[in-house]
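For reference, work.cif (mmCIF, C-alpha atoms):
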```cif
data_structure
#
loop_
_atom_site.label_atom_id
_atom_site.label_comp_id
_atom_site.auth_asym_id
_atom_site.auth_seq_id
_atom_site.Cartn_x
_atom_site.Cartn_y
_atom_site.Cartn_z
CA MET A 179 -13.18 -21.98 2.84
CA THR A 180 -11.13 -20.04 0.30
CA THR A 181 -8.17 -20.61 -1.96
CA ALA A 182 -5.21 -18.32 -2.36
CA GLU A 183 -6.09 -17.74 -5.99
CA GLU A 184 -8.80 -15.37 -4.78
CA GLY A 185 -6.16 -13.08 -3.29
CA ALA A 186 -3.72 -13.19 -6.20
CA ASP A 187 -3.94 -11.12 -9.32
CA PRO A 188 -3.54 -13.56 -12.21
CA GLY A 189 -1.86 -10.83 -14.22
CA CYS A 190 0.97 -10.37 -11.71
CA GLY A 191 4.22 -12.16 -12.42
CA GLY A 192 5.37 -13.34 -8.98
CA ALA A 193 1.98 -14.51 -7.72
CA LEU A 194 1.20 -16.21 -11.00
CA ARG A 195 4.55 -18.02 -11.18
CA ASN A 196 4.27 -19.29 -7.62
CA GLU A 197 0.68 -20.38 -8.20
CA ARG A 198 1.89 -22.44 -11.14
CA ILE A 199 4.48 -24.06 -8.86
CA VAL A 200 1.70 -25.04 -6.46
CA LEU A 201 -0.30 -26.40 -9.39
CA ARG A 202 2.60 -28.56 -10.57
CA ALA A 203 3.07 -29.91 -7.06
CA TYR A 204 -0.63 -30.79 -6.86
CA VAL A 205 -0.57 -32.63 -10.17
CA LEU A 206 2.65 -34.52 -9.42
CA PHE A 207 1.49 -35.68 -5.97
CA ARG A 208 -1.81 -36.82 -7.42
CA LEU A 209 -0.14 -38.76 -10.21
CA GLY A 210 2.27 -40.21 -7.67
CA GLY A 211 -0.72 -41.44 -5.72
CA LEU A 212 -2.07 -43.17 -8.84
CA LEU A 213 1.27 -44.89 -9.25
CA GLN A 214 0.84 -46.24 -5.71
CA VAL A 215 -2.63 -47.50 -6.67
CA ALA A 216 -1.27 -49.32 -9.72
CA ILE A 217 1.58 -50.94 -7.78
CA GLY A 218 -0.65 -51.91 -4.88
CA ALA A 219 -3.36 -53.35 -7.14
CA VAL A 220 -0.87 -55.49 -9.03
CA ALA A 221 0.86 -56.69 -5.88
CA THR A 222 -2.20 -57.41 -3.73
CA HIS A 223 -5.00 -58.20 -6.19
CA PRO A 224 -5.20 -61.92 -5.12
CA HIS A 225 -6.32 -60.79 -1.69
CA TYR A 226 -9.38 -58.87 -2.93
CA ARG A 227 -12.72 -60.64 -2.92
CA PRO A 228 -14.27 -60.42 -5.45
CA LEU A 229 -11.46 -59.42 -7.79
CA TRP A 230 -13.71 -57.47 -10.12
CA ALA A 231 -14.79 -55.24 -7.26
CA GLY A 232 -11.16 -54.45 -6.45
CA LEU A 233 -10.48 -53.61 -10.09
CA ALA A 234 -13.61 -51.44 -10.22
CA LEU A 235 -12.40 -49.56 -7.15
CA CYS A 236 -9.03 -48.98 -8.84
CA ALA A 237 -10.80 -47.69 -11.94
CA ALA A 238 -12.94 -45.32 -9.87
CA VAL A 239 -9.85 -43.95 -8.10
CA PHE A 240 -8.12 -43.36 -11.44
CA ALA A 241 -11.19 -41.70 -12.92
CA GLU A 242 -11.65 -39.32 -9.97
CA SER A 243 -7.98 -38.40 -9.75
CA LEU A 244 -7.58 -37.82 -13.49
CA ALA A 245 -10.72 -35.68 -13.47
CA LEU A 246 -9.23 -33.48 -10.72
CA VAL A 247 -5.94 -33.21 -12.62
CA ALA A 248 -7.81 -32.27 -15.81
CA VAL A 249 -9.76 -29.55 -13.99
CA ALA A 250 -6.56 -28.16 -12.49
CA LEU A 251 -4.70 -28.13 -15.81
CA ARG A 252 -7.61 -26.52 -17.59
CA ARG A 253 -7.92 -23.82 -14.92
CA ARG A 254 -4.13 -23.48 -14.76
CA ARG A 255 -4.68 -23.41 -10.99
CA VAL A 256 -5.42 -25.92 -8.28
CA PRO A 257 -9.05 -27.11 -8.18
CA PRO A 258 -11.61 -25.02 -6.26
CA PRO A 259 -12.36 -25.78 -2.58
CA ALA A 260 -15.67 -27.50 -3.40
CA LEU A 261 -13.79 -30.23 -5.24
CA ALA A 262 -11.41 -30.58 -2.29
CA VAL A 263 -14.41 -31.29 -0.07
CA ALA A 264 -15.69 -33.90 -2.51
CA ASP A 265 -12.21 -35.41 -2.76
CA SER A 266 -12.03 -35.76 1.01
CA VAL A 267 -15.25 -37.76 1.01
CA VAL A 268 -14.09 -39.91 -1.92
CA LEU A 269 -10.85 -40.77 -0.13
CA ALA A 270 -12.81 -41.83 2.95
CA VAL A 271 -15.07 -44.04 0.82
CA VAL A 272 -12.08 -45.60 -0.95
CA LEU A 273 -10.49 -46.44 2.41
CA VAL A 274 -13.68 -48.00 3.78
CA VAL A 275 -14.58 -49.92 0.61
CA GLY A 276 -10.99 -51.03 0.03
CA GLY A 277 -10.78 -52.37 3.57
CA GLY A 278 -14.07 -54.21 3.10
CA LEU A 279 -12.88 -55.88 -0.09
CA ALA A 280 -9.53 -57.00 1.30
CA ASP A 281 -9.09 -60.54 2.55
CA HIS A 282 -9.39 -60.42 6.30
CA THR A 283 -6.43 -62.75 6.76
CA HIS A 284 -4.28 -60.32 4.78
CA GLY A 285 -5.60 -57.19 6.38
CA SER A 286 -2.37 -55.27 6.22
CA THR A 287 -1.96 -55.78 2.50
CA TRP A 288 -4.94 -53.67 1.51
CA ALA A 289 -3.08 -50.59 2.81
CA TYR A 290 -0.62 -50.82 -0.07
CA PHE A 291 -3.51 -49.81 -2.25
CA ALA A 292 -5.66 -47.30 -0.41
CA TYR A 293 -3.47 -46.07 2.40
CA PRO A 294 -0.40 -44.74 0.52
CA PHE A 295 -2.63 -43.30 -2.20
CA SER A 296 -4.81 -41.39 0.25
CA LEU A 297 -1.75 -40.12 2.14
CA LEU A 298 -0.34 -38.55 -1.01
CA ALA A 299 -3.75 -37.26 -2.07
CA SER A 300 -4.24 -35.54 1.30
CA ILE A 301 -1.33 -33.23 0.43
CA GLY A 302 -3.68 -31.62 -2.07
CA PHE A 303 -5.87 -30.25 0.74
CA GLY A 304 -2.99 -28.05 1.91
CA LEU A 305 -2.29 -26.86 -1.62
CA VAL A 306 -5.91 -26.00 -2.41
CA VAL A 307 -7.43 -24.55 0.74
CA GLU A 308 -6.18 -21.33 2.33
CA ARG A 309 -7.36 -21.73 5.93
CA LEU A 310 -5.43 -24.16 8.07
CA ALA A 311 -8.44 -25.18 10.15
CA ALA A 312 -10.34 -26.18 7.00
CA VAL A 313 -7.29 -28.09 5.73
CA LEU A 314 -7.09 -30.13 8.94
CA VAL A 315 -10.81 -30.87 8.89
CA LEU A 316 -10.58 -32.18 5.31
CA ALA A 317 -7.56 -34.33 6.19
CA ALA A 318 -9.27 -35.64 9.32
CA VAL A 319 -12.06 -37.24 7.26
CA PRO A 320 -9.89 -39.87 5.48
CA ALA A 321 -7.73 -40.22 8.60
CA SER A 322 -10.81 -41.15 10.63
CA ALA A 323 -12.04 -43.50 7.91
CA TYR A 324 -8.68 -45.27 7.84
CA ALA A 325 -8.45 -45.66 11.61
CA ALA A 326 -12.02 -46.92 11.92
CA THR A 327 -11.63 -49.42 9.06
CA ALA A 328 -8.27 -50.66 10.29
CA VAL A 329 -9.60 -51.33 13.78
CA LEU A 330 -13.13 -52.54 13.04
CA ARG A 331 -12.64 -54.43 9.78
CA LEU A 332 -9.01 -55.43 9.59
CA GLY A 333 -8.36 -56.10 13.26
CA GLU A 334 -5.44 -53.72 13.77
CA PRO A 335 -4.85 -52.58 17.35
CA VAL A 336 -5.86 -49.03 18.18
CA TRP A 337 -2.32 -48.13 19.22
CA ASN A 338 -1.18 -48.90 15.68
CA ALA A 339 -4.12 -47.61 13.65
CA VAL A 340 -4.44 -44.18 15.30
CA PRO A 341 -0.78 -43.14 14.83
CA ASN A 342 -1.03 -44.26 11.20
CA GLY A 343 -3.80 -41.70 10.74
CA VAL A 344 -1.66 -38.77 11.96
CA PRO A 345 0.34 -38.44 8.69
CA TYR A 346 -2.84 -37.31 6.93
CA LEU A 347 -2.92 -34.20 9.09
CA ALA A 348 0.86 -33.73 8.93
CA ASN A 349 1.01 -34.01 5.14
CA ALA A 350 -1.84 -31.56 4.61
CA GLY A 351 -0.50 -29.10 7.22
CA ILE A 352 3.02 -29.05 5.80
CA ALA A 353 1.69 -28.59 2.27
CA TRP A 354 -0.47 -25.71 3.51
CA ALA A 355 2.54 -23.99 5.11
CA VAL A 356 4.68 -24.33 2.00
CA ALA A 357 1.92 -23.16 -0.35
CA ARG A 358 1.12 -20.23 1.93
CA ALA A 359 4.76 -19.13 1.97
CA LEU A 360 4.99 -19.40 -1.82
CA ARG A 361 1.85 -17.36 -2.36
CA ARG A 362 2.84 -14.72 0.16
CA THR A 363 6.25 -14.39 -1.45
CA GLY A 364 4.63 -14.01 -4.86
CA ARG A 365 2.31 -11.27 -3.63
CA GLU A 366 5.17 -9.44 -1.91
CA LEU A 367 7.26 -9.65 -5.07
CA ASP A 368 4.41 -8.23 -7.14
CA ALA A 369 3.85 -5.44 -4.63
CA ALA A 370 7.54 -4.57 -4.64
CA THR A 371 7.59 -4.60 -8.43
CA SER A 372 4.54 -2.35 -8.62
CA THR A 373 6.03 0.05 -6.07
CA ALA A 374 9.32 0.20 -7.97
CA ALA A 375 7.48 0.87 -11.23
CA ALA A 376 5.40 3.61 -9.60
CA ARG A 377 8.49 5.23 -8.12
CA GLU A 378 10.26 5.06 -11.45
CA ALA A 379 7.26 6.73 -13.10
CA GLU A 380 7.23 9.42 -10.40
CA LEU A 381 10.96 9.96 -10.83
CA ALA A 382 10.57 10.29 -14.59
CA ALA A 383 7.71 12.76 -14.11
CA GLU A 384 9.79 14.74 -11.61
CA ARG A 385 12.72 14.88 -14.00
CA GLU A 386 10.40 16.17 -16.69
CA ARG A 387 8.93 18.73 -14.31
CA VAL A 388 12.40 19.91 -13.32
CA ARG A 389 13.36 20.26 -16.97
CA HIS A 390 10.24 22.27 -17.72
CA ALA A 391 10.74 24.33 -14.58
CA ARG A 392 14.29 25.16 -15.64
CA LEU A 393 13.06 26.32 -19.02
CA LEU A 394 10.31 28.40 -17.43
CA HIS A 395 12.76 29.91 -14.95
CA ASP A 396 15.38 30.79 -17.52
CA ARG A 397 12.96 32.24 -20.04
CA VAL A 398 9.47 33.16 -18.91
CA LEU A 399 9.93 33.80 -15.18
CA GLN A 400 12.93 36.11 -15.56
CA THR A 401 11.09 38.07 -18.25
CA LEU A 402 8.00 38.51 -16.05
CA GLU A 403 10.03 39.58 -13.02
CA THR A 404 12.01 42.03 -15.13
CA LEU A 405 8.80 43.55 -16.51
CA ALA A 406 7.38 43.82 -12.98
CA ARG A 407 10.46 45.69 -11.69
CA THR A 408 11.15 48.04 -14.58
CA PRO A 409 9.06 51.04 -15.71
CA TRP A 410 8.40 49.50 -19.12
CA ILE A 411 4.81 48.78 -18.07
CA THR A 412 3.26 52.09 -17.04
CA GLU A 413 -0.30 50.93 -16.32
CA PRO A 414 -0.38 50.07 -12.56
CA GLY A 415 -3.07 47.39 -12.82
CA LEU A 416 -1.28 45.52 -15.60
CA ARG A 417 2.01 45.84 -13.77
CA ALA A 418 0.48 44.37 -10.59
CA HIS A 419 -1.00 41.53 -12.63
CA VAL A 420 2.39 40.74 -14.18
CA ARG A 421 3.94 40.79 -10.72
CA ALA A 422 1.30 38.37 -9.39
CA GLU A 423 1.78 36.01 -12.32
CA ALA A 424 5.54 36.07 -11.69
CA VAL A 425 4.95 35.12 -8.05
CA TRP A 426 2.69 32.26 -9.06
CA LEU A 427 5.15 31.03 -11.69
CA ARG A 428 8.02 31.07 -9.19
CA GLY A 429 5.91 28.96 -6.83
CA PHE A 430 5.15 26.56 -9.68
CA VAL A 431 8.85 26.27 -10.54
CA ARG A 432 9.53 25.39 -6.91
CA GLY A 433 6.85 22.73 -6.99
CA GLU A 434 4.44 24.61 -4.73
CA HIS A 435 1.59 24.36 -7.24
CA PRO A 436 0.48 21.10 -8.91
CA ALA A 437 0.56 20.99 -12.66
CA PRO A 438 -2.80 21.72 -14.34
CA GLY A 439 -4.99 18.62 -14.38
CA ARG A 440 -2.65 16.78 -12.05
CA ALA A 441 -2.94 16.65 -8.28
CA GLY A 442 0.39 16.50 -6.52
CA PRO A 443 0.97 14.56 -3.33
CA GLU A 444 0.25 17.68 -1.31
CA GLY A 445 -3.13 18.00 -2.99
CA ARG A 446 -4.58 14.79 -1.66
CA HIS A 447 -7.19 15.14 1.01
CA GLY A 448 -10.07 13.33 2.59
CA PRO A 449 -13.78 13.60 1.93
CA ASP A 450 -14.12 16.61 4.24
CA GLY A 451 -11.63 18.77 2.34
CA PRO A 452 -7.87 19.37 2.35
CA ASP A 453 -5.86 18.75 5.50
CA GLY A 454 -4.45 21.59 7.56
CA THR A 455 -0.97 21.47 6.02
CA THR A 456 -2.34 21.64 2.50
CA GLN A 457 -4.74 24.42 3.47
CA LEU A 458 -1.94 26.44 5.04
CA ALA A 459 0.40 26.03 2.07
CA HIS A 460 -2.26 26.89 -0.48
CA GLY A 461 -3.52 29.79 1.60
CA LEU A 462 -0.06 31.33 1.84
CA SER A 463 0.46 30.83 -1.89
CA SER A 464 -2.78 32.63 -2.71
CA LEU A 465 -1.82 35.35 -0.23
CA ALA A 466 1.50 35.88 -2.01
CA GLU A 467 -0.35 36.35 -5.30
CA ASP A 468 -2.76 38.82 -3.69
CA MET A 469 0.09 40.84 -2.22
CA ALA A 470 1.85 40.94 -5.58
CA ARG A 471 -1.21 42.58 -7.13
CA VAL A 472 -1.03 45.43 -4.63
CA GLY A 473 2.70 46.02 -4.98
CA LEU A 474 4.41 43.72 -2.46
CA ALA A 475 6.60 40.94 -3.90
CA VAL A 476 6.50 38.00 -1.47
CA GLU A 477 9.13 35.29 -1.61
CA LEU A 478 7.32 32.23 -0.28
CA ASN A 479 9.02 29.10 1.05
CA THR A 480 6.73 26.22 2.03
CA ALA A 481 8.91 23.35 0.78
CA GLN A 482 9.76 22.06 4.27
CA LEU A 483 6.13 22.26 5.35
CA ARG A 484 4.96 20.15 2.42
CA SER A 485 7.78 17.61 2.51
CA ALA A 486 7.53 17.14 6.29
CA GLY A 487 3.79 16.63 6.02
CA ARG A 488 4.21 13.94 3.35
CA ARG A 489 7.15 12.24 5.04
CA GLU A 490 5.77 12.10 8.59
CA GLY A 491 2.06 12.00 7.82
CA ALA A 492 1.74 15.19 9.81
CA GLY A 493 -0.67 16.92 7.46
CA ALA A 494 -3.79 15.90 9.33
CA ALA A 495 -2.11 16.97 12.63
CA VAL A 496 -2.45 20.66 11.66
CA PRO A 497 -6.06 21.60 12.37
CA ALA A 498 -7.84 23.59 9.68
CA LEU A 499 -8.66 26.28 12.26
CA VAL A 500 -4.94 26.78 12.96
CA ALA A 501 -4.16 26.99 9.25
CA GLU A 502 -6.87 29.60 8.77
CA ALA A 503 -5.65 31.67 11.72
CA LEU A 504 -2.04 31.59 10.50
CA VAL A 505 -3.00 32.63 6.97
CA ASP A 506 -5.07 35.55 8.34
CA ALA A 507 -2.27 36.59 10.70
CA THR A 508 0.27 36.46 7.88
CA ARG A 509 -2.01 38.60 5.74
CA GLU A 510 -2.08 41.24 8.47
CA ALA A 511 1.70 41.05 8.93
CA LEU A 512 2.24 41.57 5.20
CA ALA A 513 -0.28 44.42 5.18
CA ASN A 514 1.82 46.08 7.90
CA VAL A 515 4.92 45.61 5.75
CA LEU A 516 3.13 47.21 2.81
CA ARG A 517 1.88 50.16 4.88
CA HIS A 518 4.82 50.90 7.16
CA ALA A 519 8.06 49.14 6.18
CA GLY A 520 8.88 51.21 3.09
CA THR A 521 9.86 48.18 1.05
CA GLU A 522 8.34 46.23 -1.82
CA ARG A 523 9.71 42.82 -0.83
CA ALA A 524 9.11 40.36 2.00
CA VAL A 525 9.96 36.74 2.75
CA VAL A 526 7.42 34.28 4.18
CA ARG A 527 8.46 30.87 5.41
CA ALA A 528 6.25 28.07 6.78
CA GLU A 529 7.49 24.84 8.32
CA LEU A 530 6.74 22.07 10.78
CA SER A 531 9.25 22.37 13.59
CA GLY A 532 9.10 19.65 16.21
CA ASN A 533 5.54 19.46 17.45
CA ALA A 534 4.63 22.93 16.23
CA VAL A 535 3.78 24.74 13.03
CA LEU A 536 5.75 27.93 12.41
CA VAL A 537 5.18 30.81 9.98
CA SER A 538 7.58 33.75 9.78
CA VAL A 539 7.51 37.08 7.91
CA LEU A 540 10.75 38.96 7.24
CA ASP A 541 11.28 42.31 5.55
CA ASN A 542 14.28 44.55 5.07
CA GLY A 543 12.33 47.78 5.57
CA THR A 544 12.69 50.68 7.96
CA GLY A 545 12.01 48.67 11.10
CA PHE A 546 10.99 50.14 14.47
CA ASP A 547 11.64 49.96 18.19
CA PRO A 548 9.09 47.51 19.68
CA SER A 549 9.62 48.83 23.22
CA ALA A 550 8.70 52.32 22.13
CA VAL A 551 5.40 51.31 20.53
CA PRO A 552 2.48 50.11 22.70
CA GLY A 553 1.35 46.54 22.08
CA GLY A 554 4.41 45.49 20.17
CA GLY A 555 4.05 47.97 17.35
CA LEU A 556 2.04 48.77 14.29
CA GLY A 557 -1.18 47.12 15.36
CA LEU A 558 0.43 43.71 15.76
CA ARG A 559 -1.51 43.06 18.97
CA SER A 560 -4.95 43.11 17.40
CA SER A 561 -4.10 42.14 13.83
CA VAL A 562 -1.59 39.33 14.37
CA ARG A 563 -1.23 38.36 18.03
CA ASP A 564 -4.93 37.94 18.74
CA ARG A 565 -5.35 35.57 15.81
CA VAL A 566 -2.40 33.39 16.80
CA THR A 567 -3.00 33.33 20.55
CA GLY A 568 -6.63 32.48 19.84
CA VAL A 569 -5.50 29.02 18.62
CA GLY A 570 -2.98 28.48 21.42
CA GLY A 571 0.10 29.99 19.75
CA ARG A 572 2.47 32.89 20.38
CA VAL A 573 4.02 35.68 18.33
CA GLN A 574 7.60 36.91 18.53
CA VAL A 575 8.59 40.25 16.98
CA GLU A 576 12.19 41.31 16.40
CA SER A 577 12.92 44.71 14.91
CA ALA A 578 15.12 47.76 15.21
CA PRO A 579 15.16 51.05 13.30
CA GLY A 580 16.81 50.58 9.93
CA THR A 581 17.18 46.79 10.19
CA GLY A 582 13.81 45.52 9.05
CA THR A 583 11.30 43.41 10.97
CA TYR A 584 11.00 39.70 11.73
CA VAL A 585 7.65 38.30 12.89
CA GLU A 586 7.47 34.66 13.99
CA MET A 587 4.16 32.90 14.65
CA ARG A 588 4.38 29.49 16.35
CA VAL A 589 1.46 27.25 17.27
CA PRO A 590 2.13 24.00 19.21
CA LEU A 591 0.06 21.26 17.63
CA SER A 592 -0.78 19.75 21.01
CA ALA A 593 -2.15 23.08 22.21
CA ALA A 594 -4.06 23.49 18.96
CA GLY A 595 -5.63 20.09 19.38
#
```

Same coordinates, now as structure tokens:
Amino acid sequence: MTTAEEGADPGCGGALRNERIVLRAYVLFRLGGLLQVAIGAVATHPHYRPLWAGLALCAAVFAESLALVAVALRRRRVPPPALAVADSVVLAVVLVVGGGLADHTHGSTWAYFAYPFSLLASIGFGLVVERLAAVLVLAAVPASAYAATAVLRLGEPVWNAVPNGVPYLANAGIAWAVARALRRTGRELDAATSTAAAREAELAAERERVRHARLLHDRVLQTLETLARTPWITEPGLRAHVRAEAVWLRGFVRGEHPAPGRAGPEGRHGPDGPDGTTQLAHGLSSLAEDMARVGLAVELNTAQLRSAGRREGAGAAVPALVAEALVDATREALANVLRHAGTERAVVRAELSGNAVLVSVLDNGTGFDPSAVPGGGLGLRSSVRDRVTGVGGRVQVESAPGTGTYVEMRVPLSAAG
């Protein structure tokens, strides 16, 4: 038996406000029940024998109810479930004792004291307890006590006493439904507020990143790329290092690398390591840096791969084995560009296309005639095709003399699985 307060963060605005509404309802219904006790005691006190016992019962009801109200106000929440259980028993005792004290010839008059009070008090069960079954059980205790006392002590017919006990269950059930809706609405409001705040923080961080990226692009990146292209740096190793740093910085400006000390959305992974999409993107990024150090400037585009993985939850659908094979095949394709294409630039693109992952390598080098070279040309059969077909994919090569070369590697995710 639990209360909704256990599932609500007291520091959240919506849940806290709605919990206070439930608290006010609990207090008002309880005080309304005491008003019924006062009116009933004044109107029917001549029919209680002995009178002092009736007054003592009234005093006990006031004391118990005011104690519950005091606990609720002090907690600033409805009382805990344990007190609801005790209250259910107290209401049953009040009904039985009140019926026993009432004059038998005025049996119906005792209900103006105990019956309306206990009906209003039973609403509190629905406001306090979270589970409907427990609410109905608590309400059934005073309902049963009323029906038994009305029939056995006061002589009411069963067909009248039993229906009069149904409102206990109805009152408690309706109160439970209303309180549950209020609490759920409060939690949903808090969740929506938290999500909006988180998105606003992400948007602010992205704006800041874009501003920094613009500054880096306009100042540092252009300087590095200029130094890498011009003969101002004569030492080959230093020149290759500058070229690699320029490649990395361009990837950072595009958002392909998380900021230092901050993991981006694409950097999240499970306990067994990064998912296949993340592994593929990071592997291609590292490959571009490696190629830059040996003289090949690689323009890398993995934006669609990363965004599609985050949007569709497709990251885990790319097996790590496929990512590894595609990175190795791309390395071999770029090595062929470096050895045979006669160019210092290449473009690599990776994306999720339908139910497949696709990586392409494009250069504007000398090109070749695939039909004139066994195996598709330039060692592509052993260096690229074998790696891709080994994970269920295929390789397409398009080239012609003087027009450059396009290599496309596509692996269906279903086949990879």

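Interatomic distance, atom CA of A:Val336 to atom CA of A:Leu273: 16.6 Å.
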
| Which residue of A:Leu474, A:Ala237, A:Trp337, A:Leu316 approaches A:Leu261 most closely, using all atoms listed in the file |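 The shortest atom-to-atom distance to A:Leu261 comes from A:Leu316.
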
| Atom-to-atom span, atom CA of A:Gly192 and atom CA of A:Ala357, Å |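 So the two atoms, atom CA of A:Gly192 and atom CA of A:Ala357, lie 13.5 Å apart.
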
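Take atom CA of A:Ala234 and atom CA of A:Ala248: the distance between them is 20.8 Å.
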
| field | Residues within 7 Å of stretch 199-213 of chain A, only C-alpha atoms, excluding chain neighbours under 3 positions, as number ranges by chain | value | A: 195-196, 216-217, 240, 243, 247, 255-256, 295, 298-299, 302, 305, 357

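Nearest to A:Ala528 of all the residues A:Leu462, A:Ala231, A:Leu402, A:Ala550 is A:Leu462, counting all atoms listed in the file.
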
Identify, on the basis of all atoms listed in the file, every residue whose closest approach to A:Glu586 does not exceed 9 Å; exclude the query and any residue fewer than 4 positions from it along the same chain; express the result as a compact mmCIF listing (two decimals) with C-alpha atoms, in the coordinates of the input.
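Just written: result01.txt:
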```
# COMPACT_ATOMS: atom_id res chain seq x y z
CA LEU A 536 5.75 27.93 12.41
CA VAL A 537 5.18 30.81 9.98
CA SER A 538 7.58 33.75 9.78
CA VAL A 539 7.51 37.08 7.91
CA LEU A 540 10.75 38.96 7.24
CA ARG A 572 2.47 32.89 20.38
CA VAL A 573 4.02 35.68 18.33
CA GLN A 574 7.60 36.91 18.53
CA VAL A 575 8.59 40.25 16.98
CA GLU A 576 12.19 41.31 16.40
```

| Residue members of the PyMOL selection byres ((chain A and resi 329) around 12) in the file shown, as a ChimeraX atom specification | /A:274,277-278,282,285-286,322-328,330-340,342-343

Around (0.2, 38.5, -2.0), as given in the file, which residues come within 12 Å? Count only C-alpha atoms and list them as a compact mmCIF listing (two decimals) with C-alpha atoms, in the frame of the given file.
```
# COMPACT_ATOMS: atom_id res chain seq x y z
CA ALA A 418 0.48 44.37 -10.59
CA HIS A 419 -1.00 41.53 -12.63
CA ARG A 421 3.94 40.79 -10.72
CA ALA A 422 1.30 38.37 -9.39
CA GLU A 423 1.78 36.01 -12.32
CA ALA A 424 5.54 36.07 -11.69
CA VAL A 425 4.95 35.12 -8.05
CA TRP A 426 2.69 32.26 -9.06
CA HIS A 460 -2.26 26.89 -0.48
CA GLY A 461 -3.52 29.79 1.60
CA LEU A 462 -0.06 31.33 1.84
CA SER A 463 0.46 30.83 -1.89
CA SER A 464 -2.78 32.63 -2.71
CA LEU A 465 -1.82 35.35 -0.23
CA ALA A 466 1.50 35.88 -2.01
CA GLU A 467 -0.35 36.35 -5.30
CA ASP A 468 -2.76 38.82 -3.69
CA MET A 469 0.09 40.84 -2.22
CA ALA A 470 1.85 40.94 -5.58
CA ARG A 471 -1.21 42.58 -7.13
CA VAL A 472 -1.03 45.43 -4.63
CA GLY A 473 2.70 46.02 -4.98
CA LEU A 474 4.41 43.72 -2.46
CA ALA A 475 6.60 40.94 -3.90
CA VAL A 476 6.50 38.00 -1.47
CA GLU A 477 9.13 35.29 -1.61
CA LEU A 478 7.32 32.23 -0.28
CA VAL A 505 -3.00 32.63 6.97
CA ASP A 506 -5.07 35.55 8.34
CA THR A 508 0.27 36.46 7.88
CA ARG A 509 -2.01 38.60 5.74
CA GLU A 510 -2.08 41.24 8.47
CA ALA A 511 1.70 41.05 8.93
CA LEU A 512 2.24 41.57 5.20
CA ALA A 513 -0.28 44.42 5.18
CA VAL A 515 4.92 45.61 5.75
CA LEU A 516 3.13 47.21 2.81
CA GLU A 522 8.34 46.23 -1.82
CA ARG A 523 9.71 42.82 -0.83
CA ALA A 524 9.11 40.36 2.00
CA VAL A 525 9.96 36.74 2.75
CA VAL A 526 7.42 34.28 4.18
```

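In terms of minimum interatomic distance to A:Gly520, A:Gly545 ranks closest within A:Glu502, A:Ala534, A:Gly568, A:Gly545, counting only C-alpha atoms.
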
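Within the file as shown, the PyMOL selection byres ((chain A and resi 500) around 8) identifies Gly454, Val496, Pro497, Ala498, Leu499, Ala501, Glu502, Ala503, Leu504, Val569, Val589 and Ala594 of chain A.
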
| task | Considering all atoms listed in the file, state which residue in the set A:Phe291, A:Val356, A:Leu251, A:Arg392 is at the smallest distance from A:Leu269. | result |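 Using all atoms listed in the file, the shortest distance to A:Leu269 belongs to A:Phe291.
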
| Which polymer residues have any atom within 10 Å of an atom of A:Gly580, counting all atoms listed in the file, with same-chain residues fewer than 3 positions away left out, as a PyMOL selection string? | chain A and resi 519+542-547+577+583

| Pick from A:Glu308, A:Asp541, A:Asp564, A:Glu529, whichever lies nearest to A:Gly351 using all atoms listed in the file |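 Selected residue with least distance to A:Gly351: A:Glu308.
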
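Of the listed residues (A:Cys236, A:Val220, A:Leu394, A:Ala270), A:Ala270 comes nearest to A:Ser300; the distances count all atoms listed in the file.
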
| Explicit residue set for the PyMOL selection byres ((chain A and resi 533) around 6), as a PyMOL selection string | chain A and resi 532+534+590-591

Return stretch 210-218 of chain A, completed with N, CA and C atoms, as an mmCIF file, keeping the file's coordinate frame.
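File written: selection10.cif
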```
data_model
loop_
_atom_site.group_PDB
_atom_site.id
_atom_site.type_symbol
_atom_site.label_atom_id
_atom_site.label_comp_id
_atom_site.auth_asym_id
_atom_site.auth_seq_id
_atom_site.Cartn_x
_atom_site.Cartn_y
_atom_site.Cartn_z
ATOM 1 N N GLY A 210 1.500 -39.280 -8.496
ATOM 2 C CA GLY A 210 2.270 -40.210 -7.670
ATOM 3 C C GLY A 210 1.367 -41.135 -6.878
ATOM 4 N N GLY A 211 0.242 -40.601 -6.411
ATOM 5 C CA GLY A 211 -0.720 -41.440 -5.720
ATOM 6 C C GLY A 211 -1.303 -42.510 -6.628
ATOM 7 N N LEU A 212 -1.567 -42.164 -7.893
ATOM 8 C CA LEU A 212 -2.070 -43.170 -8.840
ATOM 9 C C LEU A 212 -1.038 -44.262 -9.100
ATOM 10 N N LEU A 213 0.223 -43.876 -9.092
ATOM 11 C CA LEU A 213 1.270 -44.890 -9.250
ATOM 12 C C LEU A 213 1.222 -45.871 -8.069
ATOM 13 N N GLN A 214 0.979 -45.353 -6.869
ATOM 14 C CA GLN A 214 0.840 -46.240 -5.710
ATOM 15 C C GLN A 214 -0.359 -47.174 -5.879
ATOM 16 N N VAL A 215 -1.447 -46.663 -6.445
ATOM 17 C CA VAL A 215 -2.630 -47.500 -6.670
ATOM 18 C C VAL A 215 -2.295 -48.640 -7.630
ATOM 19 N N ALA A 216 -1.605 -48.291 -8.731
ATOM 20 C CA ALA A 216 -1.270 -49.320 -9.720
ATOM 21 C C ALA A 216 -0.366 -50.391 -9.131
ATOM 22 N N ILE A 217 0.657 -49.969 -8.382
ATOM 23 C CA ILE A 217 1.580 -50.940 -7.780
ATOM 24 C C ILE A 217 0.855 -51.811 -6.753
ATOM 25 N N GLY A 218 0.063 -51.159 -5.910
ATOM 26 C CA GLY A 218 -0.650 -51.910 -4.880
ATOM 27 C C GLY A 218 -1.660 -52.873 -5.466
#
```
